[in-house]
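Following: one structure in structure tokens, then a few remarks.
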Amino acid sequence: MLAASASSGQMAGLYVPRRSPIPPLLARRGRLLPRRPAALLPRARDPALRPTAAAAASPPPPSADSALEHQVRRKCSPLLESVLLPGGSDSTVHEWKAVPDIWRTAAEKYADLVAVIDPYHEPPTEWTYTQLEQEILDFSQGLRAIGVAPDEKLALFADNSCRWLVADQGIMATGAINVVRGTRSSDEELFQIYTHSESIALVVDSPQFFNRLAESFISRINTRFIILLWGDKSCIDSQAVKDIPLYGYKDITKLGRESRNALFLSGQQGQQDVFETISPEDVATLIYTSGTSGTPKGVMLTHGNLLHQINNLWEIVPAEPGDRFLSMLPPWHAYERACEYFIFSYGIQQVYTTVKYLKEDLQRYQPHYIISVPLVYETLYSSIHKQISSSSAARKFIALSLIKISLLYMEAKKIYEGTVLSNNLVKPPFIAYMIKWLWARLVAAFLWPLHNLAKILVYKKIHSAIGISKAGISGGGSLPMHVDKFFEAIGIKVQNGYGLTETSPVVAARRPFCNVLGTIGHPIKHTEIKVFDIETGEVLPDGSKGIVKIKGPQVMKGYYKNPLATNEAFDQEGWFSTGDIGWIVPHHGIGPSRQCGGMIVLEGRAKDTIVLSTGENVEPAEIEEAAGRSNLINQIVVIGQDQRRLGAIIVPNNDEILAEAKRKSILGENGDLAKDKVMNMLYDELKTWTMHCSFRVGPIMIVDEPFTIDNGLMTPTMKIRRDKVTDKYRREIEALFK
């Protein structure tokens, strides 16, 4: 950090003449923000700042005189770097026009509050809001110093960390566009993203990741420079780098500090560049979709798209300064990303974790909120049940009985509180409802003491183990109803939301004060949602099922270099088609669903709909969710397109199957289990758990390899990629139905 010294007139190694007035904002903040042109930057004396030995052979920078004759076009974030604009610190800009503007406001409001804790990188990092803003300013200026220009694209291929955040915001603050992806994507996918986006440089996570890319990736791309966020440059494969300039994270931030100091002096002499402001319509980022079907497309999100999320998510997550959030999702994913920007604007503390350390960190940090995908909540649900099952018989019986009582109590509450879902347009008779209302009140009154007893005996221990004292926010996929009901019963609020990469992403979410299970809540502010008939394209009345379409300021600018896909995504009136099937809950003044009017209910993807040869349409999500409740089934994909009946591909939970086989005494002499017996056990499980579904599953296929991100069968937000699974097992599927 730069520390001001009032007595000496000096700032962190920069001599400021007493006669040269420092702009008021600089004097107050103890910070020098202007930037000197790259051509005026003095050569770094510190060997650590020299890119590489090969880079040293590159042509020398132009002279200062030539740089002044040809000033470089620059952009800046108008509030974050207001001193760079005409009028300097006296600028009247007070509202956010670009995403990085939030850091100036946050640093002024929450200066000494801890913003980020990153315990698992080397070195472990803890920054206050003042320090985080300074890192972003330094990184941004460092990028300008090495020649990054507005609207250029930089590929940011890295995983969740505090330095990812700095790089992301630093790139945006220059007016450049970041093209983001994680390290778990395949080399070929990263290559396609880099080349299609026309990126000019590469920012990577670590030496290990870079070396993985060295042979299959680096040799095939044109890149102006490479920046390493973590690790030692000496661990990089020097053969792969060749003559490409290579910088470490500290190199860039140090260059940024020196460049700002030099620019301040040049500014005193009238040599300062003229900066343009980033506008809300400028593209901030390119995010390539990783959906469950189809080819990835580059979604262009503007600063205005993302600012809509920052400005309108508080009614869903009423965060307060000092609230602790646990972050574990890929930060480049629109869901995690927009939520991070929003929560930082309210002075929260974010702790970075991973799947490996999640259980430990939930207990250690006791977060107020966690923002994650349904699979994380399913994992917590399974972990809690496994813990209960491992208890003594008496404790297990008491815990499970009390949970069942709490579930019944919650169902009774829904009736008299008016949160029972219904797509019926007809209002219920008043007398009939009053009878139901009185009955529900009586049942709830009877169960209430037992529910409170469960809080003391069972739920208190669960809360102390996982924290989440305010809410868990779920998005990026469908939240199974049994998981939703369980967390509601034990007193942990889980709010389900909905959106797409193309919508920045949030378009609807359940509010804390009206958290109706089975829905995705009401649309957020300034957002319109309608349901259209799949065949005719006409708007459907509430309660009718069709394709969900959206209008709002968060909807993308379009797909990069893909006008055909952009035109297909929007209808003639500008409605964006989500491809999801759903309906809107009808409004009722009285009755068990009186509080649900206008909420949206989703029932699956239109592309996932299985059309049987009999002409029947099947939504596989219902069956998969029901079957997924079985302890014996780890993962399942329902199949059957153009067939007479449904089938399923199942990844079994082998540990649970062996345990069940022992209980049933069907293990072989050598302790092994015949495949036909495993098949029979899974058939029985499917029948048991899907008996209430509209369709039954016929033949099943058992596969041993789980569907994972690493083998390409899951998206980075942990949704099964149905098309990839069916492609991989195409021959086996054909044989299965024969």
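Letters A, B, ... go to the chains of the structure tokens in the order shown; residues in each chain start at 1; ligands are counted from 1 in the same order.
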Residue neighbourhood A:Ser504, 10 Å, only C-alpha atoms, exclusion window fewer than 2 positions, as a PyMOL selection string: chain A and resi 287+299-302+304-309+333-335+337-339+499-502+506-507+553-556
12 Å contact set for A:Lys485, only C-alpha atoms, chain neighbours under 6 positions out, as a list in words: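 Contacts, in chain order: Tyr377, Glu378, Tyr381, Ile403, Lys404, Ser406, Leu407, Leu408, Tyr409, Met410, Glu411, Lys414, Leu479, Gly491, Ile492, Lys493, Val494, Gln495, Asn515, Val516, Leu517 and Gly518 of chain A.
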Just to be explicit: take each residue in the selection above, keep N, CA, C and O atoms, and write the result as a compact mmCIF listing (two decimals), in the first residue's frame.
# COMPACT_ATOMS: atom_id res chain seq x y z
N TYR A 377 -25.72 -28.71 -2.33
CA TYR A 377 -26.76 -28.92 -1.32
C TYR A 377 -27.16 -30.40 -1.24
O TYR A 377 -27.44 -30.91 -0.16
N GLU A 378 -27.14 -31.08 -2.38
CA GLU A 378 -27.40 -32.52 -2.37
C GLU A 378 -26.31 -33.26 -1.60
O GLU A 378 -26.59 -34.21 -0.85
N TYR A 381 -26.84 -32.67 2.05
CA TYR A 381 -28.00 -33.49 2.44
C TYR A 381 -27.56 -34.94 2.68
O TYR A 381 -27.90 -35.54 3.72
N ILE A 403 -37.26 -35.49 12.11
CA ILE A 403 -37.21 -34.87 10.78
C ILE A 403 -38.53 -35.08 10.04
O ILE A 403 -39.06 -34.15 9.41
N LYS A 404 -39.11 -36.28 10.13
CA LYS A 404 -40.41 -36.54 9.50
C LYS A 404 -41.50 -35.65 10.09
O LYS A 404 -42.35 -35.13 9.37
N SER A 406 -41.04 -32.68 11.43
CA SER A 406 -40.79 -31.32 10.94
C SER A 406 -41.28 -31.16 9.50
O SER A 406 -41.81 -30.10 9.13
N LEU A 407 -41.10 -32.19 8.69
CA LEU A 407 -41.59 -32.13 7.31
C LEU A 407 -43.11 -32.00 7.27
O LEU A 407 -43.67 -31.22 6.49
N LEU A 408 -43.79 -32.76 8.14
CA LEU A 408 -45.26 -32.68 8.22
C LEU A 408 -45.69 -31.29 8.72
O LEU A 408 -46.67 -30.72 8.24
N TYR A 409 -44.97 -30.77 9.69
CA TYR A 409 -45.26 -29.44 10.24
C TYR A 409 -45.17 -28.38 9.13
O TYR A 409 -46.03 -27.50 9.03
N MET A 410 -44.13 -28.47 8.31
CA MET A 410 -43.95 -27.51 7.23
C MET A 410 -45.06 -27.61 6.19
O MET A 410 -45.52 -26.60 5.64
N GLU A 411 -45.50 -28.83 5.90
CA GLU A 411 -46.59 -29.00 4.94
C GLU A 411 -47.89 -28.37 5.46
O GLU A 411 -48.64 -27.76 4.69
N LYS A 414 -47.72 -24.55 5.10
CA LYS A 414 -47.92 -24.05 3.74
C LYS A 414 -49.40 -23.81 3.44
O LYS A 414 -49.75 -22.86 2.73
N LEU A 479 -32.99 -27.63 -8.30
CA LEU A 479 -32.82 -28.07 -6.92
C LEU A 479 -33.85 -29.15 -6.62
O LEU A 479 -35.06 -28.89 -6.67
N GLY A 491 -34.55 -25.84 9.25
CA GLY A 491 -34.36 -24.43 9.56
C GLY A 491 -33.22 -23.74 8.86
O GLY A 491 -32.77 -22.68 9.29
N ILE A 492 -32.72 -24.33 7.76
CA ILE A 492 -31.70 -23.67 6.94
C ILE A 492 -32.37 -23.20 5.66
O ILE A 492 -32.86 -24.01 4.87
N LYS A 493 -32.40 -21.91 5.49
CA LYS A 493 -33.10 -21.33 4.34
C LYS A 493 -32.27 -21.52 3.08
O LYS A 493 -31.10 -21.12 3.03
N VAL A 494 -32.86 -22.13 2.07
CA VAL A 494 -32.23 -22.26 0.76
C VAL A 494 -33.13 -21.56 -0.25
O VAL A 494 -34.29 -21.94 -0.43
N GLN A 495 -32.60 -20.54 -0.88
CA GLN A 495 -33.35 -19.76 -1.86
C GLN A 495 -32.92 -20.17 -3.27
O GLN A 495 -31.74 -20.05 -3.61
N ASN A 515 -40.33 -17.57 0.48
CA ASN A 515 -39.47 -18.60 -0.08
C ASN A 515 -40.30 -19.85 -0.40
O ASN A 515 -40.28 -20.83 0.34
N VAL A 516 -41.02 -19.81 -1.51
CA VAL A 516 -41.95 -20.88 -1.85
C VAL A 516 -41.23 -22.01 -2.56
O VAL A 516 -40.69 -21.82 -3.67
N LEU A 517 -41.21 -23.17 -1.94
CA LEU A 517 -40.51 -24.33 -2.51
C LEU A 517 -41.17 -24.77 -3.81
O LEU A 517 -42.38 -24.66 -3.99
N GLY A 518 -40.33 -25.28 -4.72
CA GLY A 518 -40.83 -25.74 -6.00
C GLY A 518 -40.87 -24.66 -7.06
O GLY A 518 -41.12 -24.95 -8.23
Two-atom distance - atom CA of A:Arg212, atom CA of A:Gln350 (Å):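 About the pair atom CA of A:Arg212 and atom CA of A:Gln350: they are 29.7 Å apart.
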Distance of atom CA of A:Pro100 from atom CA of A:Ser197, expressed in Å to one decimal place: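 Separating atom CA of A:Ser197 from atom CA of A:Pro100 is a distance of 22.2 Å.
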Sel. of strand (DSSP E) residues, stretch 141-389 of chain A, as a ChimeraX atom specification: /A:153-157,177-181,201-204,226-228,246-248,275-277,283-288,298-302,324-327,349-352,369-372
Selection near stretch 671-680 of chain A, 9 Å with only C-alpha atoms, sequence-local residues under 6 positions removed, as a PyMOL selection string: chain A and resi 652+657-658+661-662+700-702
Within 7 Å of A:Thr609, counting only C-alpha atoms, which residues show up once you throw out same-chain ones fewer than 3 positions away? Write them as a PDB file with N, CA, C and O atoms, in the first residue's frame, please.
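Saved the output as result-v1.pdb:
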ATOM      1  N   ARG A 605     -35.816 -28.738 -19.608  1.00  0.00           N
ATOM      2  CA  ARG A 605     -35.348 -28.123 -20.839  1.00  0.00           C
ATOM      3  C   ARG A 605     -36.132 -28.675 -22.021  1.00  0.00           C
ATOM      4  O   ARG A 605     -36.381 -29.878 -22.105  1.00  0.00           O
ATOM      5  N   ALA A 606     -36.489 -27.791 -22.945  1.00  0.00           N
ATOM      6  CA  ALA A 606     -37.197 -28.242 -24.141  1.00  0.00           C
ATOM      7  C   ALA A 606     -36.345 -29.235 -24.923  1.00  0.00           C
ATOM      8  O   ALA A 606     -36.860 -30.228 -25.467  1.00  0.00           O
ATOM      9  N   ASN A 617     -44.560 -37.263 -24.880  1.00  0.00           N
ATOM     10  CA  ASN A 617     -43.433 -36.433 -24.472  1.00  0.00           C
ATOM     11  C   ASN A 617     -43.109 -36.681 -23.002  1.00  0.00           C
ATOM     12  O   ASN A 617     -44.000 -36.625 -22.150  1.00  0.00           O
ATOM     13  N   VAL A 618     -41.845 -36.927 -22.717  1.00  0.00           N
ATOM     14  CA  VAL A 618     -41.410 -37.232 -21.353  1.00  0.00           C
ATOM     15  C   VAL A 618     -40.360 -36.217 -20.919  1.00  0.00           C
ATOM     16  O   VAL A 618     -39.391 -35.972 -21.642  1.00  0.00           O
ATOM     17  N   GLU A 619     -40.570 -35.626 -19.748  1.00  0.00           N
ATOM     18  CA  GLU A 619     -39.551 -34.755 -19.152  1.00  0.00           C
ATOM     19  C   GLU A 619     -38.697 -35.611 -18.216  1.00  0.00           C
ATOM     20  O   GLU A 619     -39.157 -36.023 -17.150  1.00  0.00           O
ATOM     21  N   PRO A 620     -37.457 -35.923 -18.605  1.00  0.00           N
ATOM     22  CA  PRO A 620     -36.641 -36.854 -17.820  1.00  0.00           C
ATOM     23  C   PRO A 620     -36.262 -36.349 -16.434  1.00  0.00           C
ATOM     24  O   PRO A 620     -35.947 -37.137 -15.550  1.00  0.00           O
TER      25      PRO A 620
END
Can you list, as a tab-separated table (two decimals) with C-alpha atoms, in the first residue's frame, every protein, DNA or RNA residue that comes within 7 Å of stretch 360-364 of chain A when you count only C-alpha atoms, leaving out same-chain residues fewer than 3 positions away?
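Below you can see selection35.tsv, which holds the result:
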chain	number	residue	atom	x	y	z
A	357	TYR	CA	-12.12	-28.20	2.04
A	367	PRO	CA	-20.60	-18.42	6.78
A	464	SER	CA	-23.11	-25.61	14.19
A	465	ALA	CA	-21.47	-27.97	11.70
A	466	ILE	CA	-22.31	-26.07	8.51
A	467	GLY	CA	-23.11	-22.48	9.48
Which of stretch 100-248 of chain A fall in alpha helix (DSSP H), as a VMD selection string: chain A and resid 102 to 109 129 to 145 162 to 173 187 to 197 207 to 214 238 to 241
Shell of 7 Å around A:Val420, only C-alpha atoms, local chain residues under 2 positions omitted, as a PyMOL selection string: chain A and resi 414-415+418+422+592-593
Interatomic distance (Å, one decimal) between atom CA of A:Ile584 and atom CA of A:Ala509: 13.4 Å
